[in-house]
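See structure below.
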Amino acid sequence: MDDSCAVCADALEWVAYGPCGHREVCSTCVVRLRFVLEDSLCCICKTDCPSVFVTKAMGDYTKVILDFSVLPTEANEGNVGEYWYHEDTKAYFDDADHYKMIRAMCRLSCSVCDKAEDQVGQAAQAKRRSRFKSIDQLKGHLFHQHRLYMCNLCLEGRKVFICEQKLYTRAQLAQHTKTGDSEVDGSEIERSGFAGHPVCEFCKYPLYGDNELYTHMSREHYSCHICQSSILGSMIISGTMMI
Ligand SMILES: [Zn+2]
Ligand SMILES: [Zn+2]
Ligand SMILES: [Zn+2]
Ligand SMILES: [Zn+2]
Ligand SMILES: [Zn+2]
Ligand SMILES: [Zn+2]
């Protein structure tokens with residue numbers, strides 16, 4: 001078993017899997033797909049996973065649950081028996097700290113309003129918790145109240161808390177996508193090599209990063225329809241693409 005995530009290629013520290021039992025994708029990627037994209041299909045076999053189990057990745061020793069009916073049904077947010085349940089992603093955790101980390105990652109709040117409230121004082125802090133019920137609601141608030149946008153590619157691809165996503169004006173977002181160096185993206189050090197989102201040269205579709213571009217290419221444009229030669233292979237040889 002490979003010890004890197006099949007989606008983001010990071011070292012596999014925590015895995016999340018559904019009843020099909022594919023333990024190749026990290027918990028952050030699974031949570032991002034379920035929460036941000038509302039996609040509950042297994043990334044490997046496309047089985048619909050109504051709930052997932054999150055546990056420490058230990059190669060062949062990773063805890064295996066074959067029968068999902070042993071998990072408590074109709075669970076509420078938080079501790080249930082020996083597990084912790086995250087309602088928004090329908091995920092069961094066997095580790096409290098990892099559960100808290102994921103829950104914080106999915107918290108929806110507006111960083112502009114949060115900052116303003118911080119200056120007023122701590123009083124408002126309690127009521128701002130989970131002000132928004134969905135990402136679309138938060139996006140709507142950002143646009144109507146602040147005329148700001150989140151980068152959808154970063155939202156789907158960056159492993160950061162949703163309230164830490166950078167916020168752009170329309171012009172800044174265009175610059176961010178193209179060259180990655182808008183005012184909001186910060187200094188060269190802060191950008192750490194980010195130079196905009198790569199665009200698939202066949203369908204002009206932008207993707208988060210080189211990994212995603214590679215997956216997209218191999219899925220969508222693996223071979224030429226006419227001569228069946230591998231477009232990807234020739235691109236790697238010609239050095240257009242690094243893997
Ligand atoms: Zn991953
Ligand atoms: Zn699967
Ligand atoms: Zn706001
Ligand atoms: Zn972005
Ligand atoms: Zn494409
Ligand atoms: Zn051809």
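Each chain in the structure tokens gets a letter, A, B, ..., in the order shown, and its residues are numbered from 1; ligands are numbered from 1 in order too.
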7 Å shell around ligand 3 using only C-alpha atoms and all ligand atoms, listed as an mmCIF file with all heavy atoms, in the first residue's frame:
```
data_model
loop_
_atom_site.group_PDB
_atom_site.id
_atom_site.type_symbol
_atom_site.label_atom_id
_atom_site.label_comp_id
_atom_site.auth_asym_id
_atom_site.auth_seq_id
_atom_site.Cartn_x
_atom_site.Cartn_y
_atom_site.Cartn_z
ATOM 1 N N CYS A 110 -16.987 34.789 8.425
ATOM 2 C CA CYS A 110 -16.437 35.807 7.543
ATOM 3 C C CYS A 110 -15.249 36.456 8.244
ATOM 4 O O CYS A 110 -15.399 37.035 9.313
ATOM 5 C CB CYS A 110 -17.508 36.841 7.220
ATOM 6 S SG CYS A 110 -16.834 38.337 6.484
ATOM 7 N N SER A 111 -14.055 36.345 7.634
ATOM 8 C CA SER A 111 -12.868 36.864 8.308
ATOM 9 C C SER A 111 -12.881 38.390 8.383
ATOM 10 O O SER A 111 -12.270 38.974 9.271
ATOM 11 C CB SER A 111 -11.605 36.353 7.624
ATOM 12 O OG SER A 111 -11.631 36.649 6.249
ATOM 13 N N VAL A 112 -13.593 39.056 7.484
ATOM 14 C CA VAL A 112 -13.679 40.527 7.526
ATOM 15 C C VAL A 112 -14.498 40.956 8.747
ATOM 16 O O VAL A 112 -14.072 41.800 9.544
ATOM 17 C CB VAL A 112 -14.311 41.086 6.236
ATOM 18 C CG1 VAL A 112 -14.363 42.608 6.283
ATOM 19 C CG2 VAL A 112 -13.549 40.607 5.013
ATOM 20 N N CYS A 113 -15.668 40.353 8.907
ATOM 21 C CA CYS A 113 -16.507 40.677 10.061
ATOM 22 C C CYS A 113 -15.833 40.255 11.359
ATOM 23 O O CYS A 113 -15.889 40.968 12.362
ATOM 24 C CB CYS A 113 -17.862 39.985 9.954
ATOM 25 S SG CYS A 113 -18.895 40.631 8.642
ATOM 26 N N HIS A 141 -22.587 36.346 1.350
ATOM 27 C CA HIS A 141 -22.303 37.405 2.316
ATOM 28 C C HIS A 141 -21.059 38.189 1.896
ATOM 29 O O HIS A 141 -21.061 39.417 1.896
ATOM 30 C CB HIS A 141 -22.110 36.791 3.707
ATOM 31 C CG HIS A 141 -21.480 37.714 4.693
ATOM 32 N ND1 HIS A 141 -22.211 38.571 5.483
ATOM 33 C CD2 HIS A 141 -20.173 37.943 5.000
ATOM 34 C CE1 HIS A 141 -21.375 39.281 6.241
ATOM 35 N NE2 HIS A 141 -20.151 38.915 5.970
ATOM 36 N N LEU A 142 -20.000 37.476 1.524
ATOM 37 C CA LEU A 142 -18.744 38.134 1.134
ATOM 38 C C LEU A 142 -18.974 39.072 -0.046
ATOM 39 O O LEU A 142 -18.462 40.189 -0.074
ATOM 40 C CB LEU A 142 -17.687 37.087 0.756
ATOM 41 C CG LEU A 142 -17.097 36.299 1.918
ATOM 42 C CD1 LEU A 142 -16.309 35.104 1.410
ATOM 43 C CD2 LEU A 142 -16.217 37.196 2.786
ATOM 44 N N GLN A 145 -21.860 41.983 1.149
ATOM 45 C CA GLN A 145 -21.415 42.888 2.208
ATOM 46 C C GLN A 145 -20.065 43.528 1.903
ATOM 47 O O GLN A 145 -19.815 44.651 2.300
ATOM 48 C CB GLN A 145 -21.310 42.138 3.543
ATOM 49 C CG GLN A 145 -22.617 41.574 4.046
ATOM 50 C CD GLN A 145 -23.645 42.660 4.331
ATOM 51 O OE1 GLN A 145 -23.330 43.663 4.941
ATOM 52 N NE2 GLN A 145 -24.867 42.442 3.850
ATOM 53 N N HIS A 146 -19.183 42.800 1.278
ATOM 54 C CA HIS A 146 -17.803 43.290 1.154
ATOM 55 C C HIS A 146 -17.307 43.380 -0.293
ATOM 56 O O HIS A 146 -16.176 43.795 -0.516
ATOM 57 C CB HIS A 146 -16.849 42.378 1.942
ATOM 58 C CG HIS A 146 -17.297 42.060 3.334
ATOM 59 N ND1 HIS A 146 -17.432 43.016 4.318
ATOM 60 C CD2 HIS A 146 -17.656 40.882 3.905
ATOM 61 C CE1 HIS A 146 -17.844 42.427 5.447
ATOM 62 N NE2 HIS A 146 -17.998 41.145 5.216
#
```
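For region 20-56 of chain A, backbone-based DSSP labels the following residues as alpha helix (DSSP H): Ser27, Thr28, Cys29, Val30, Val31, Arg32, Leu33, Arg34, Phe35 and Val36 of chain A.
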Non-local contacts of Val52 (chain A) (9 Å; only C-alpha atoms; under 6 positions in same chain excluded) as a PDB file with C-alpha atoms, in the first residue's frame:
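So part.pdb came out as:
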```
ATOM      1  CA  ALA A  16     -11.025   8.562   5.629  1.00  0.00           C
ATOM      2  CA  TYR A  17     -12.974   5.784   3.953  1.00  0.00           C
ATOM      3  CA  GLY A  18     -16.496   4.621   3.355  1.00  0.00           C
ATOM      4  CA  PRO A  19     -18.135   1.196   3.207  1.00  0.00           C
ATOM      5  CA  VAL A  30     -12.142  13.499   1.794  1.00  0.00           C
ATOM      6  CA  PHE A  68     -20.504   0.357   8.767  1.00  0.00           C
ATOM      7  CA  THR A  89     -19.401  15.617   6.558  1.00  0.00           C
ATOM      8  CA  LYS A  90     -21.102  12.606   8.211  1.00  0.00           C
ATOM      9  CA  ALA A  91     -17.703  11.414   9.409  1.00  0.00           C
ATOM     10  CA  TYR A  92     -16.865   9.290  12.439  1.00  0.00           C
ATOM     11  CA  PHE A  93     -13.478   9.824  14.087  1.00  0.00           C
TER      12      PHE A  93
END
```
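Distances here use only C-alpha atoms and all ligand atoms; by that measure, the residue among A:Met217, A:Leu153, A:Ala9, A:Val199 closest to ligand 4 is A:Leu153.
Around Phe194 (chain A), within 9 Å and counting only C-alpha atoms, the residues found are Thr179, Gly180, Asp181, Glu188, Glu190, Arg191 and His197 of chain A, once anything fewer than 3 positions away on its own chain is removed.
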Would you mind exporting the chosen residues as a compact mmCIF listing (two decimals), in the first residue's frame, restricted to N, CA and C atoms?
```txt
# COMPACT_ATOMS: atom_id res chain seq x y z
N THR A 179 -1.38 34.94 -12.46
CA THR A 179 0.05 34.98 -12.14
C THR A 179 0.35 34.77 -10.66
N GLY A 180 -0.68 34.71 -9.83
CA GLY A 180 -0.49 34.37 -8.43
C GLY A 180 0.12 35.46 -7.57
N ASP A 181 0.25 36.69 -8.11
CA ASP A 181 0.96 37.71 -7.33
C ASP A 181 0.11 38.95 -7.08
N GLU A 188 6.84 37.52 -1.99
CA GLU A 188 7.32 36.32 -2.68
C GLU A 188 7.45 35.15 -1.70
N GLU A 190 5.69 34.69 1.11
CA GLU A 190 4.35 34.22 1.45
C GLU A 190 3.75 33.36 0.35
N ARG A 191 4.06 33.71 -0.90
CA ARG A 191 3.49 32.96 -2.01
C ARG A 191 4.18 31.62 -2.20
N HIS A 197 -2.73 29.61 -11.09
CA HIS A 197 -3.24 28.26 -11.30
C HIS A 197 -2.99 27.81 -12.73
```
When the cut-off is 6 Å and you count only C-alpha atoms and all ligand atoms, which residues lie near ligand 5, shown as a CSV table (one decimal) with N, CA and C atoms, in the first residue's frame?
```csv
chain,number,residue,atom,x,y,z
A,200,CYS,N,-5.3,24.0,-18.3
A,200,CYS,CA,-5.2,22.8,-19.2
A,200,CYS,C,-5.2,23.4,-20.6
A,202,PHE,N,-5.6,22.0,-23.4
A,202,PHE,CA,-6.6,21.5,-24.3
A,202,PHE,C,-8.0,22.1,-24.2
A,203,CYS,N,-8.4,22.1,-22.9
A,203,CYS,CA,-9.8,22.7,-22.8
A,203,CYS,C,-9.9,24.0,-22.1
A,205,TYR,N,-9.3,24.9,-19.2
A,205,TYR,CA,-9.9,24.8,-17.9
A,205,TYR,C,-8.9,25.0,-16.8
A,217,MET,N,-5.5,15.7,-16.9
A,217,MET,CA,-4.9,15.3,-18.2
A,217,MET,C,-5.1,13.8,-18.4
```
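Closest approach to Ser40 (chain A) among A:Lys166, A:Asp67, A:Lys139, A:Asp88 is made by A:Asp88 (distances from only C-alpha atoms).
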Between A:Ser69, A:Gln119, A:Ser51, A:Thr62, which one has atoms that come closest to His86 (chain A), using only C-alpha atoms? A:Ser51
Excluding Met150 (chain A) and residues on its chain fewer than 5 positions from it, collect all residues at most 8 Å away from it, counting only C-alpha atoms, and give them as a ChimeraX atom specification. /A:139,155,165-168,173
Those same residues, written as a PDB file, in the first residue's frame with C-alpha atoms?
```
ATOM      1  CA  LYS A 139     -19.847  33.450  -0.483  1.00  0.00           C
ATOM      2  CA  LEU A 155     -11.119  26.650  -1.787  1.00  0.00           C
ATOM      3  CA  GLN A 165      -9.068  31.475   2.644  1.00  0.00           C
ATOM      4  CA  LYS A 166      -7.818  34.691   1.102  1.00  0.00           C
ATOM      5  CA  LEU A 167     -10.400  37.208  -0.088  1.00  0.00           C
ATOM      6  CA  TYR A 168     -10.021  39.063  -3.368  1.00  0.00           C
ATOM      7  CA  LEU A 173      -8.844  37.388  -8.192  1.00  0.00           C
TER       8      LEU A 173
END
```
Sorted by chain and rising residue number, which residues of chain A lie within 8 Å of ligand 2, and what are their closest atom pairs and distances in Å to one decimal, counting only C-alpha atoms and all ligand atoms, as JSON lines?
```
{"residue": "A:Tyr17", "atom": "CA", "partner": "ligand 2", "partner_atom_place_in_ligand_line": "1 (Zn)", "distance": 7.5}
{"residue": "A:Gly18", "atom": "CA", "partner": "ligand 2", "partner_atom_place_in_ligand_line": "1 (Zn)", "distance": 6.9}
{"residue": "A:Pro19", "atom": "CA", "partner": "ligand 2", "partner_atom_place_in_ligand_line": "1 (Zn)", "distance": 7.6}
{"residue": "A:Cys20", "atom": "CA", "partner": "ligand 2", "partner_atom_place_in_ligand_line": "1 (Zn)", "distance": 4.5}
{"residue": "A:Gly21", "atom": "CA", "partner": "ligand 2", "partner_atom_place_in_ligand_line": "1 (Zn)", "distance": 5.9}
{"residue": "A:His22", "atom": "CA", "partner": "ligand 2", "partner_atom_place_in_ligand_line": "1 (Zn)", "distance": 4.6}
{"residue": "A:Leu41", "atom": "CA", "partner": "ligand 2", "partner_atom_place_in_ligand_line": "1 (Zn)", "distance": 7.8}
{"residue": "A:Cys42", "atom": "CA", "partner": "ligand 2", "partner_atom_place_in_ligand_line": "1 (Zn)", "distance": 4.6}
{"residue": "A:Cys43", "atom": "CA", "partner": "ligand 2", "partner_atom_place_in_ligand_line": "1 (Zn)", "distance": 6.6}
{"residue": "A:Ile44", "atom": "CA", "partner": "ligand 2", "partner_atom_place_in_ligand_line": "1 (Zn)", "distance": 5.0}
{"residue": "A:Cys45", "atom": "CA", "partner": "ligand 2", "partner_atom_place_in_ligand_line": "1 (Zn)", "distance": 4.1}
{"residue": "A:Lys46", "atom": "CA", "partner": "ligand 2", "partner_atom_place_in_ligand_line": "1 (Zn)", "distance": 6.0}
{"residue": "A:Thr47", "atom": "CA", "partner": "ligand 2", "partner_atom_place_in_ligand_line": "1 (Zn)", "distance": 5.5}
```
Determine the nearest neighbour of Arg32 (chain A) from the options A:Leu207, A:Ala171, A:Leu213, A:Ile102, counting only C-alpha atoms. A:Ile102
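Using only C-alpha atoms and all ligand atoms as the basis for the distance check, residues found within 6 Å of ligand 4 are Cys151, Leu153, Cys154 and Thr177 of chain A.
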Taking a cut-off of 8 Å and counting only C-alpha atoms and all ligand atoms, can you build a table that, for each residue of chain A near ligand 1, reports the nearest atom pair and how far apart they are in Å (one decimal), sorted by chain then residue number, as a tab-separated table?
```
residue	atom	partner	partner_atom_place_in_ligand_line	distance
A:Ser4	CA	ligand 1	1 (Zn)	7.8
A:Cys5	CA	ligand 1	1 (Zn)	4.6
A:Ala6	CA	ligand 1	1 (Zn)	6.6
A:Val7	CA	ligand 1	1 (Zn)	5.0
A:Cys8	CA	ligand 1	1 (Zn)	4.0
A:Ala9	CA	ligand 1	1 (Zn)	6.1
A:Asp10	CA	ligand 1	1 (Zn)	5.9
A:Leu12	CA	ligand 1	1 (Zn)	7.3
A:Val25	CA	ligand 1	1 (Zn)	5.4
A:Cys26	CA	ligand 1	1 (Zn)	4.2
A:Ser27	CA	ligand 1	1 (Zn)	6.8
A:Thr28	CA	ligand 1	1 (Zn)	5.9
A:Cys29	CA	ligand 1	1 (Zn)	4.3
A:Val30	CA	ligand 1	1 (Zn)	7.3
```
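Our summary of the geometry notes that atom 1 (Zn, counted along the ligand's line) of ligand 6 is positioned 16.8 Å from CA of Arg219 (chain A).
Residues of region 3-192 of chain A that DSSP, applied to the backbone, places in strand (DSSP E): Trp14, Val15, Ala16, Tyr17, Val52, Phe53, Val54, Thr55, Lys56, Gly78, Asn79, Val80, Tyr83, Trp84, Tyr85, His86, Ala91, Tyr92, Phe93, Tyr149, Met150, Leu167 and Tyr168 of chain A.
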Can I get the selection written as a CSV table (one decimal), in the first residue's frame, with N, CA and C atoms?
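Resulting contents of selection.csv:
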```csv
chain,number,residue,atom,x,y,z
A,14,TRP,N,-3.6,10.6,8.1
A,14,TRP,CA,-5.0,10.2,8.5
A,14,TRP,C,-5.7,9.8,7.2
A,15,VAL,N,-6.5,8.7,7.3
A,15,VAL,CA,-7.3,8.3,6.2
A,15,VAL,C,-8.8,8.4,6.5
A,16,ALA,N,-9.6,8.6,5.5
A,16,ALA,CA,-11.0,8.6,5.6
A,16,ALA,C,-11.5,7.6,4.6
A,17,TYR,N,-12.4,6.7,4.9
A,17,TYR,CA,-13.0,5.8,4.0
A,17,TYR,C,-14.4,5.4,4.3
A,52,VAL,N,-18.4,8.3,6.4
A,52,VAL,CA,-17.0,7.8,6.3
A,52,VAL,C,-16.4,7.6,7.7
A,53,PHE,N,-15.4,6.8,7.8
A,53,PHE,CA,-14.7,6.6,9.0
A,53,PHE,C,-13.3,7.2,8.9
A,54,VAL,N,-12.8,8.0,9.9
A,54,VAL,CA,-11.5,8.6,9.9
A,54,VAL,C,-10.6,8.0,11.0
A,55,THR,N,-9.5,7.6,10.5
A,55,THR,CA,-8.5,7.0,11.5
A,55,THR,C,-7.1,7.2,11.1
A,56,LYS,N,-6.2,6.9,12.0
A,56,LYS,CA,-4.7,7.1,11.7
A,56,LYS,C,-4.3,6.1,10.6
A,78,GLY,N,-20.4,15.6,17.8
A,78,GLY,CA,-19.6,15.4,19.0
A,78,GLY,C,-19.4,14.0,19.4
A,79,ASN,N,-19.2,13.8,20.6
A,79,ASN,CA,-18.8,12.4,21.1
A,79,ASN,C,-20.0,11.5,21.1
A,80,VAL,N,-19.8,10.3,20.4
A,80,VAL,CA,-20.8,9.3,20.4
A,80,VAL,C,-20.1,8.0,20.7
A,83,TYR,N,-16.6,7.1,19.6
A,83,TYR,CA,-16.2,7.9,18.4
A,83,TYR,C,-16.6,9.3,18.6
A,84,TRP,N,-16.2,10.2,17.6
A,84,TRP,CA,-16.6,11.6,17.6
A,84,TRP,C,-17.3,11.7,16.2
A,85,TYR,N,-18.4,12.4,16.1
A,85,TYR,CA,-19.2,12.5,14.9
A,85,TYR,C,-19.2,13.9,14.4
A,86,HIS,N,-18.8,14.1,13.1
A,86,HIS,CA,-18.9,15.4,12.5
A,86,HIS,C,-20.0,15.4,11.5
A,91,ALA,N,-18.9,12.2,9.2
A,91,ALA,CA,-17.7,11.4,9.4
A,91,ALA,C,-17.6,11.0,10.9
A,92,TYR,N,-17.1,9.8,11.1
A,92,TYR,CA,-16.9,9.3,12.4
A,92,TYR,C,-15.4,9.3,12.6
A,93,PHE,N,-14.9,9.8,13.8
A,93,PHE,CA,-13.5,9.8,14.1
A,93,PHE,C,-13.2,9.0,15.3
A,149,TYR,N,-14.4,38.1,-3.1
A,149,TYR,CA,-14.5,36.7,-3.6
A,149,TYR,C,-13.5,35.8,-3.0
A,150,MET,N,-13.8,34.5,-2.8
A,150,MET,CA,-12.8,33.5,-2.5
A,150,MET,C,-12.4,32.9,-3.9
A,167,LEU,N,-9.3,36.6,0.5
A,167,LEU,CA,-10.4,37.2,-0.1
A,167,LEU,C,-9.9,38.3,-1.1
A,168,TYR,N,-10.5,38.2,-2.3
A,168,TYR,CA,-10.0,39.1,-3.4
A,168,TYR,C,-11.1,40.0,-3.9
```
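CA of Asp136 (chain A) is found 11.8 Å from CA of Ser109 (chain A).
The two atoms in question, CA of Gly140 (chain A) and CA of Val31 (chain A), are spaced 22.0 Å apart.
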